[in-house]
Every structure is written in structure tokens, then in C-alpha cells.
>>> print(open('entry_39.pdb').read())   # PDB, C-alpha atoms
ATOM      1  CA  MET V   1       0.000   0.000   0.000
ATOM      2  CA  THR V   2       1.398   3.383  -1.002
ATOM      3  CA  ASN V   3       1.781   6.264   1.428
ATOM      4  CA  ILE V   4      -0.925   8.152  -0.486
ATOM      5  CA  ASN V   5      -3.440   5.373   0.095
ATOM      6  CA  LYS V   6      -2.451   5.045   3.758
ATOM      7  CA  ILE V   7      -3.187   8.755   4.203
ATOM      8  CA  PHE V   8      -6.489   8.293   2.375
ATOM      9  CA  LEU V   9      -7.543   5.426   4.657
ATOM     10  CA  LYS V  10      -6.618   7.462   7.737
ATOM     11  CA  ALA V  11      -8.798  10.294   6.439
ATOM     12  CA  ILE V  12     -11.719   7.874   6.063
ATOM     13  CA  ILE V  13     -11.280   6.675   9.666
ATOM     14  CA  VAL V  14     -11.268  10.280  10.921
ATOM     15  CA  PHE V  15     -14.486  10.968   9.029
ATOM     16  CA  LEU V  16     -16.132   7.851  10.443
ATOM     17  CA  ILE V  17     -15.334   9.105  13.921
ATOM     18  CA  LEU V  18     -16.212  12.770  13.470
ATOM     19  CA  PHE V  19     -19.195  12.754  11.130
ATOM     20  CA  SER V  20     -22.367  10.983  12.144
ATOM     21  CA  VAL V  21     -24.808  13.272  10.314
ATOM     22  CA  LYS V  22     -25.915  12.369   6.828
ATOM     23  CA  ALA V  23     -24.386  14.443   4.056
ATOM     24  CA  GLU V  24     -26.498  16.444   1.649
ATOM     25  CA  SER V  25     -25.021  14.617  -1.306
ATOM     26  CA  ASN V  26     -24.495  16.157  -4.703
ATOM     27  CA  ILE V  27     -25.247  13.014  -6.684
ATOM     28  CA  VAL V  28     -24.281  12.928 -10.352
ATOM     29  CA  SER V  29     -27.432  11.700 -12.107
ATOM     30  CA  VAL V  30     -29.122  11.453 -15.497
ATOM     31  CA  GLY V  31     -32.697  10.619 -16.475
ATOM     32  CA  LYS V  32     -36.199  11.705 -15.499
ATOM     33  CA  THR V  33     -36.323  12.672 -11.833
ATOM     34  CA  ASP V  34     -39.692  10.912 -11.413
ATOM     35  CA  ALA V  35     -38.707   7.686 -13.215
ATOM     36  CA  LYS V  36     -40.165   4.602 -11.530
ATOM     37  CA  VAL V  37     -36.856   2.746 -11.654
ATOM     38  CA  THR V  38     -33.636   4.155 -10.230
ATOM     39  CA  VAL V  39     -30.271   2.492 -10.769
ATOM     40  CA  LYS V  40     -27.553   3.526  -8.332
ATOM     41  CA  VAL V  41     -23.972   2.514  -9.005
ATOM     42  CA  PHE V  42     -21.383   2.938  -6.258
ATOM     43  CA  SER V  43     -18.051   3.266  -7.990
ATOM     44  CA  SER V  44     -14.415   4.148  -7.520
ATOM     45  CA  LEU V  45     -13.054   5.942 -10.568
ATOM     46  CA  THR V  46      -9.791   3.970 -10.318
ATOM     47  CA  CYS V  47     -11.619   0.618 -10.270
ATOM     48  CA  PRO V  48     -11.149  -1.338 -13.558
ATOM     49  CA  ALA V  49     -14.390  -3.291 -12.992
ATOM     50  CA  CYS V  50     -16.258   0.029 -12.653
ATOM     51  CA  ALA V  51     -14.802   1.271 -15.933
ATOM     52  CA  SER V  52     -15.822  -2.005 -17.573
ATOM     53  CA  TRP V  53     -19.382  -1.727 -16.199
ATOM     54  CA  HIS V  54     -19.693   1.817 -17.485
ATOM     55  CA  SER V  55     -18.488   0.947 -20.995
ATOM     56  CA  LYS V  56     -20.374  -2.347 -21.352
ATOM     57  CA  ILE V  57     -23.628  -1.613 -19.523
ATOM     58  CA  PHE V  58     -24.247   2.093 -18.874
ATOM     59  CA  TYR V  59     -24.378   3.245 -22.496
ATOM     60  CA  LYS V  60     -26.728   0.419 -23.526
ATOM     61  CA  MET V  61     -28.952   1.122 -20.519
ATOM     62  CA  LYS V  62     -28.961   4.808 -21.433
ATOM     63  CA  LYS V  63     -30.127   4.100 -24.969
ATOM     64  CA  ASP V  64     -32.744   1.491 -24.009
ATOM     65  CA  PHE V  65     -34.163   2.962 -20.814
ATOM     66  CA  ILE V  66     -32.771   6.328 -19.670
ATOM     67  CA  ASP V  67     -33.334   8.139 -22.970
ATOM     68  CA  GLU V  68     -36.849   6.661 -23.048
ATOM     69  CA  GLY V  69     -37.649   8.231 -19.668
ATOM     70  CA  LEU V  70     -38.017   4.855 -17.938
ATOM     71  CA  VAL V  71     -34.916   4.795 -15.738
ATOM     72  CA  LYS V  72     -32.970   7.305 -13.696
ATOM     73  CA  PHE V  73     -29.260   6.610 -13.225
ATOM     74  CA  GLU V  74     -27.158   7.815 -10.303
ATOM     75  CA  HIS V  75     -23.371   7.685 -10.067
ATOM     76  CA  HIS V  76     -22.419   7.471  -6.380
ATOM     77  CA  ALA V  77     -18.863   8.216  -5.329
ATOM     78  CA  PHE V  78     -17.111   5.426  -3.426
ATOM     79  CA  PRO V  79     -13.414   6.318  -3.834
ATOM     80  CA  LEU V  80     -10.940   3.635  -2.836
ATOM     81  CA  ASP V  81      -7.885   5.890  -2.976
ATOM     82  CA  MET V  82      -6.738   9.501  -3.273
ATOM     83  CA  ALA V  83      -6.614   9.379  -7.069
ATOM     84  CA  ALA V  84     -10.270   8.346  -7.238
ATOM     85  CA  LEU V  85     -11.221  11.010  -4.685
ATOM     86  CA  ASN V  86      -9.555  13.757  -6.703
ATOM     87  CA  ALA V  87     -11.113  12.526  -9.936
ATOM     88  CA  GLU V  88     -14.528  12.745  -8.230
ATOM     89  CA  ILE V  89     -13.737  16.316  -7.204
ATOM     90  CA  ILE V  90     -12.941  17.255 -10.816
ATOM     91  CA  LEU V  91     -16.200  15.581 -11.864
ATOM     92  CA  ARG V  92     -18.035  18.036  -9.611
ATOM     93  CA  CYS V  93     -16.158  21.019 -11.000
ATOM     94  CA  THR V  94     -19.032  21.799 -13.378
ATOM     95  CA  VAL V  95     -22.781  22.074 -12.827
ATOM     96  CA  ASP V  96     -23.438  21.128 -16.463
ATOM     97  CA  ASN V  97     -24.813  17.588 -16.238
ATOM     98  CA  ASN V  98     -24.006  16.791 -19.887
ATOM     99  CA  LYS V  99     -20.387  17.768 -19.295
ATOM    100  CA  ARG V 100     -20.311  15.691 -16.122
ATOM    101  CA  PHE V 101     -21.372  12.521 -17.898
ATOM    102  CA  LYS V 102     -19.088  13.185 -20.837
ATOM    103  CA  LEU V 103     -16.234  13.647 -18.364
ATOM    104  CA  LEU V 104     -17.228  10.543 -16.397
ATOM    105  CA  GLY V 105     -17.023   8.500 -19.599
ATOM    106  CA  LYS V 106     -13.614   9.921 -20.503
ATOM    107  CA  ILE V 107     -12.261   9.339 -16.969
ATOM    108  CA  TYR V 108     -13.227   5.674 -17.225
ATOM    109  CA  GLU V 109     -12.062   5.373 -20.830
ATOM    110  CA  LYS V 110      -8.607   6.777 -19.996
ATOM    111  CA  GLN V 111      -8.305   5.134 -16.582
ATOM    112  CA  SER V 112      -5.174   3.195 -17.562
ATOM    113  CA  VAL V 113      -3.480   6.488 -18.514
ATOM    114  CA  TRP V 114      -4.186   8.711 -15.499
ATOM    115  CA  ALA V 115      -4.724   6.250 -12.625
ATOM    116  CA  VAL V 116      -1.121   5.073 -12.479
ATOM    117  CA  GLY V 117       1.868   5.648 -10.222
ATOM    118  CA  SER V 118       2.040   7.025  -6.688
ATOM    119  CA  ASP V 119       2.730  10.716  -7.361
ATOM    120  CA  ILE V 120      -0.626  12.371  -6.649
ATOM    121  CA  ASN V 121       0.507  15.636  -8.254
ATOM    122  CA  LYS V 122       1.185  13.885 -11.560
ATOM    123  CA  ILE V 123      -2.139  12.053 -11.267
ATOM    124  CA  ASN V 124      -3.947  15.350 -10.661
ATOM    125  CA  GLU V 125      -2.338  16.868 -13.753
ATOM    126  CA  SER V 126      -3.440  13.878 -15.831
ATOM    127  CA  ILE V 127      -7.017  14.186 -14.549
ATOM    128  CA  LYS V 128      -7.051  17.905 -15.334
ATOM    129  CA  LYS V 129      -5.942  17.200 -18.913
ATOM    130  CA  ILE V 130      -9.067  15.070 -19.299
ATOM    131  CA  GLY V 131     -11.127  17.895 -17.808
ATOM    132  CA  LEU V 132      -9.762  20.250 -20.467
ATOM    133  CA  GLU V 133     -11.210  17.922 -23.116
ATOM    134  CA  VAL V 134     -14.753  18.798 -21.955
ATOM    135  CA  ASP V 135     -13.919  22.514 -21.744
ATOM    136  CA  LEU V 136     -13.282  22.772 -18.005
ATOM    137  CA  LYS V 137     -10.829  25.530 -17.106
ATOM    138  CA  LYS V 138      -7.522  24.676 -15.448
ATOM    139  CA  ASP V 139      -7.870  27.481 -12.864
ATOM    140  CA  ASP V 140     -11.343  26.240 -11.928
ATOM    141  CA  MET V 141     -10.093  22.672 -11.520
ATOM    142  CA  ASP V 142      -7.202  23.865  -9.335
ATOM    143  CA  LYS V 143      -9.697  25.693  -7.114
ATOM    144  CA  CYS V 144     -11.954  22.646  -6.943
ATOM    145  CA  LEU V 145      -9.097  20.409  -5.802
ATOM    146  CA  LYS V 146      -8.417  22.863  -2.966
ATOM    147  CA  ASN V 147     -12.097  23.049  -2.006
ATOM    148  CA  GLY V 148     -12.526  21.092   1.228
ATOM    149  CA  LYS V 149     -16.306  21.123   0.813
ATOM    150  CA  PHE V 150     -16.126  18.819  -2.208
ATOM    151  CA  GLN V 151     -13.844  16.403  -0.392
ATOM    152  CA  ASP V 152     -16.083  16.360   2.686
ATOM    153  CA  GLU V 153     -19.148  15.749   0.535
ATOM    154  CA  ILE V 154     -17.600  12.831  -1.326
ATOM    155  CA  LEU V 155     -16.195  11.154   1.789
ATOM    156  CA  ASN V 156     -19.558  11.506   3.508
ATOM    157  CA  GLN V 157     -21.223   9.878   0.488
ATOM    158  CA  ARG V 158     -18.897   6.933   0.961
ATOM    159  CA  ILE V 159     -19.695   6.700   4.669
ATOM    160  CA  ASP V 160     -23.440   6.843   3.964
ATOM    161  CA  ALA V 161     -23.085   4.064   1.383
ATOM    162  CA  GLN V 162     -21.330   1.838   3.916
ATOM    163  CA  LYS V 163     -24.027   2.485   6.513
ATOM    164  CA  LYS V 164     -27.130   2.270   4.326
ATOM    165  CA  TYR V 165     -26.207  -0.280   1.647
ATOM    166  CA  LYS V 166     -23.279  -2.120   3.263
ATOM    167  CA  VAL V 167     -21.147  -1.262   0.239
ATOM    168  CA  GLY V 168     -17.767  -2.901   0.585
ATOM    169  CA  ALA V 169     -16.666  -3.352  -3.020
ATOM    170  CA  THR V 170     -17.026  -1.574  -6.327
ATOM    171  CA  PRO V 171     -19.030  -1.502  -8.416
ATOM    172  CA  THR V 172     -22.084  -2.120  -6.245
ATOM    173  CA  ILE V 173     -25.362  -1.776  -8.151
ATOM    174  CA  ILE V 174     -28.661  -0.956  -6.453
ATOM    175  CA  ILE V 175     -31.910  -1.181  -8.444
ATOM    176  CA  ASN V 176     -34.869   0.409  -6.656
ATOM    177  CA  GLU V 177     -33.117   0.061  -3.301
ATOM    178  CA  LYS V 178     -32.359  -3.638  -3.851
ATOM    179  CA  LYS V 179     -28.799  -4.836  -4.370
ATOM    180  CA  TYR V 180     -28.283  -6.391  -7.788
ATOM    181  CA  SER V 181     -26.301  -9.605  -7.403
ATOM    182  CA  GLY V 182     -26.501 -10.933 -10.958
ATOM    183  CA  LYS V 183     -23.646 -11.084 -13.423
ATOM    184  CA  ASN V 184     -22.381  -7.795 -14.798
ATOM    185  CA  GLU V 185     -23.411  -8.512 -18.353
ATOM    186  CA  TYR V 186     -26.000  -6.453 -20.144
ATOM    187  CA  LEU V 187     -28.633  -9.077 -21.059
ATOM    188  CA  LYS V 188     -29.023 -10.284 -17.454
ATOM    189  CA  PHE V 189     -28.931  -6.729 -16.143
ATOM    190  CA  ARG V 190     -31.543  -5.684 -18.711
ATOM    191  CA  LYS V 191     -33.874  -8.472 -17.569
ATOM    192  CA  GLU V 192     -33.667  -7.165 -14.008
ATOM    193  CA  ILE V 193     -34.560  -3.653 -15.201
ATOM    194  CA  GLU V 194     -37.475  -4.999 -17.238
ATOM    195  CA  LYS V 195     -38.730  -6.983 -14.245
ATOM    196  CA  ASN V 196     -38.946  -3.760 -12.260
ATOM    197  CA  LEU V 197     -40.650  -1.910 -15.116
ATOM    198  CA  VAL V 198     -43.281  -4.671 -15.384
ATOM    199  CA  LYS V 199     -44.191  -4.083 -11.725
ATOM    200  CA  TYR V 200     -45.209  -0.533 -12.621
ATOM    201  CA  GLY V 201     -47.068  -1.520 -15.773
ATOM    202  CA  LEU V 202     -44.481   0.140 -17.988
ATOM    203  CA  LEU V 203     -43.688  -3.099 -19.811
ATOM    204  CA  LYS V 204     -45.780  -6.148 -20.604
TER     205      LYS V 204
END
>>> encode(input="entry_39.pdb", output="C-alpha cells")
Amino acid sequence: MTNINKIFLKAIIVFLILFSVKAESNIVSVGKTDAKVTVKVFSSLTCPACASWHSKIFYKMKKDFIDEGLVKFEHHAFPLDMAALNAEIILRCTVDNNKRFKLLGKIYEKQSVWAVGSDINKINESIKKIGLEVDLKKDDMDKCLKNGKFQDEILNQRIDAQKKYKVGATPTIIINEKKYSGKNEYLKFRKEIEKNLVKYGLLK
């Protein structure tokens, strides 16, 4: 374990001790707010399995269900290290939801490029380069990384996930408040979505 990750884990322990109130989370989401089915994915942006889930399942789900107004998707931060935490901070450096999801996709797509090594300063610079690709400004990203509010918010999201959903690994998928335990392949995942839509009479 690198020194960076040791510091990160110590920070998590401090938060578990000091913060018992639930955070007002700024969840990154897409889809109709009143959709009958909500899919929550608890992810670490440095997690290869999370990147795989996003590329193999999210985009198909978006086309089949989110764009049709049937499903709301929520990306929940569950950083496993400092690099993932800082990437989440950059993700929140814009209020434009379209930019956020474009950036989320690029962060996962280029994970093997930026999420490497133990020098957090170099990692931050690599993340900011990706931010520039969706027209974020370098000065704004620098300010965001120094903003303790974003860090507090993200770490509290992680704590809430551990308490409420017993999240211990990433990705963890929750469909309408029920943990999805099936295989992470689209056809089986789609069937689970359809099962929930049938309950509400939205599919036959």
C-alpha cells in the first residue's frame, strides 16, 4: 500500500469518527427525476471493474431505458484511494450535467493512462488534462481540488453508502433500493430492469 493510500484510509477513519450526520449529497445523475426505476452505481473511478461496467452496460442502458424516460441513473462516489477522490472532485467542478457525464465516460475510458503511479501531483495533472477535453478551465479545476467542501461531501457519500447499503466493493449496483447480485453482463442486467418496469405496468 502506497503512502498516499495510507493517508487516504486514515482520512476515512477520521471521518467515520467525526461525522455521524448524513451528508447532503451532490449526486451525479441522469434521467427523469420521477422515473419509476432508479439504478444507483457505487463506484471508484480507479476501479477497472467500474470502468468495464460503465463501458459495457451504462451506455446500452442509457439508450434502451434512460433516454426513453423509464430509468434514472445515479453515479455514487465510493473512492478507494486519493486518485479516485480527486477525480470525483474534478467531476463536480461543473454544474453542467451533460459535461459531467461526458467527463465521467472519458475518466473511465482513460483510466489506464491517469490512474497510475504514486505521485498524486502527476495524477492530478493527468485528470485535469481530461477535464480540459470537456472545456473545463484549469484554474477552476485547481480551485476545486483545494475546495474542502467537495472532499467532505464525497467522503460523507462513501460513509453513507457503507451504513445504508453495506457497500464494501465496487461496483455495487442498487436497483430500486435492492442490491443487484446478478452477473455484470447487459442481457441479465436488462432483464432485471425490465422486471422492475413490469411491476409498474411500464412493460408487458
>>> resolve_selection(input="entry_39.pdb", expression="the PyMOL selection byres ((chain V and resi 105) around 12)", output="PyMOL selection string")
chain V and resi 45+50-56+58-59+75+91+98-104+106-111+130-131+133-134
>>> residues_around(input="entry_39.pdb", residues="Leu197 in chain V", least_positions_apart="2", cutoff="10 Å", atoms="only C-alpha atoms", output="ChimeraX atom specification")
/V:35-37,65,70-71,191-195,199-204
>>> resolve_selection(input="entry_39.pdb", expression="the PyMOL selection byres ((chain V and resi 174) around 12)", output="VMD selection string")
chain V and resid 37 to 43 72 to 76 161 164 to 167 170 to 173 175 to 182 189 192 to 193
>>> closest_residue(input="entry_39.pdb", among="V:Val28, V:Leu85, V:Cys47, V:Ile90", to="Leu155 in chain V", atoms="only C-alpha atoms")
V:Leu85
>>> resolve_selection(input="entry_39.pdb", expression="the PyMOL selection byres ((chain V and resi 83) around 8)", output="CSV table (one decimal) with C-alpha atoms, keeping the file's coordinate frame")
chain,number,residue,atom,x,y,z
V,46,THR,CA,-9.8,4.0,-10.3
V,81,ASP,CA,-7.9,5.9,-3.0
V,82,MET,CA,-6.7,9.5,-3.3
V,84,ALA,CA,-10.3,8.3,-7.2
V,85,LEU,CA,-11.2,11.0,-4.7
V,86,ASN,CA,-9.6,13.8,-6.7
V,87,ALA,CA,-11.1,12.5,-9.9
V,115,ALA,CA,-4.7,6.2,-12.6
V,120,ILE,CA,-0.6,12.4,-6.6
V,123,ILE,CA,-2.1,12.1,-11.3
V,124,ASN,CA,-3.9,15.4,-10.7
>>> atom_distance(input="entry_39.pdb", atom1="CA of Asp34 in chain V", atom2="CA of Glu68 in chain V")
12.7 Å
>>> axis_aligned_box(input="entry_39.pdb", around="range 95-100 of chain V", padding_each_side="4 Å", output="AutoDock Vina command-line options")
--center_x -22.6 --center_y 18.9 --center_z -16.4 --size_x 12.5 --size_y 14.4 --size_z 15.1
>>> residues_around(input="entry_39.pdb", residues="Lys128 in chain V", least_positions_apart="6", cutoff="9 Å", atoms="all atoms listed in the file", output="MDAnalysis selection string")
chainID V and resid 87 90 136:138 141:142
>>> write_last_selection(input="entry_39.pdb", atoms="C-alpha atoms", output="PDB file, in the coordinates of the input")
ATOM      1  CA  ALA V  87     -11.113  12.526  -9.936  1.00  0.00           C
ATOM      2  CA  ILE V  90     -12.941  17.255 -10.816  1.00  0.00           C
ATOM      3  CA  LEU V 136     -13.282  22.772 -18.005  1.00  0.00           C
ATOM      4  CA  LYS V 137     -10.829  25.530 -17.106  1.00  0.00           C
ATOM      5  CA  LYS V 138      -7.522  24.676 -15.448  1.00  0.00           C
ATOM      6  CA  MET V 141     -10.093  22.672 -11.520  1.00  0.00           C
ATOM      7  CA  ASP V 142      -7.202  23.865  -9.335  1.00  0.00           C
TER       8      ASP V 142
END
>>> residues_near_point(input="entry_39.pdb", point="(-22.6, 7.8, 1.5)", cutoff="8 Å", atoms="only C-alpha atoms", output="mmCIF file with C-alpha atoms, in the coordinates of the input")
data_model
loop_
_atom_site.group_PDB
_atom_site.id
_atom_site.type_symbol
_atom_site.label_atom_id
_atom_site.label_comp_id
_atom_site.auth_asym_id
_atom_site.auth_seq_id
_atom_site.Cartn_x
_atom_site.Cartn_y
_atom_site.Cartn_z
ATOM 1 C CA LYS V 22 -25.915 12.369 6.828
ATOM 2 C CA ALA V 23 -24.386 14.443 4.056
ATOM 3 C CA SER V 25 -25.021 14.617 -1.306
ATOM 4 C CA HIS V 76 -22.419 7.471 -6.380
ATOM 5 C CA ALA V 77 -18.863 8.216 -5.329
ATOM 6 C CA PHE V 78 -17.111 5.426 -3.426
ATOM 7 C CA ILE V 154 -17.600 12.831 -1.326
ATOM 8 C CA LEU V 155 -16.195 11.154 1.789
ATOM 9 C CA ASN V 156 -19.558 11.506 3.508
ATOM 10 C CA GLN V 157 -21.223 9.878 0.488
ATOM 11 C CA ARG V 158 -18.897 6.933 0.961
ATOM 12 C CA ILE V 159 -19.695 6.700 4.669
ATOM 13 C CA ASP V 160 -23.440 6.843 3.964
ATOM 14 C CA ALA V 161 -23.085 4.064 1.383
ATOM 15 C CA GLN V 162 -21.330 1.838 3.916
ATOM 16 C CA LYS V 163 -24.027 2.485 6.513
ATOM 17 C CA LYS V 164 -27.130 2.270 4.326
#
>>> atom_distance(input="entry_39.pdb", atom1="CA of Asp139 in chain V", atom2="CA of Ser29 in chain V")
25.1 Å
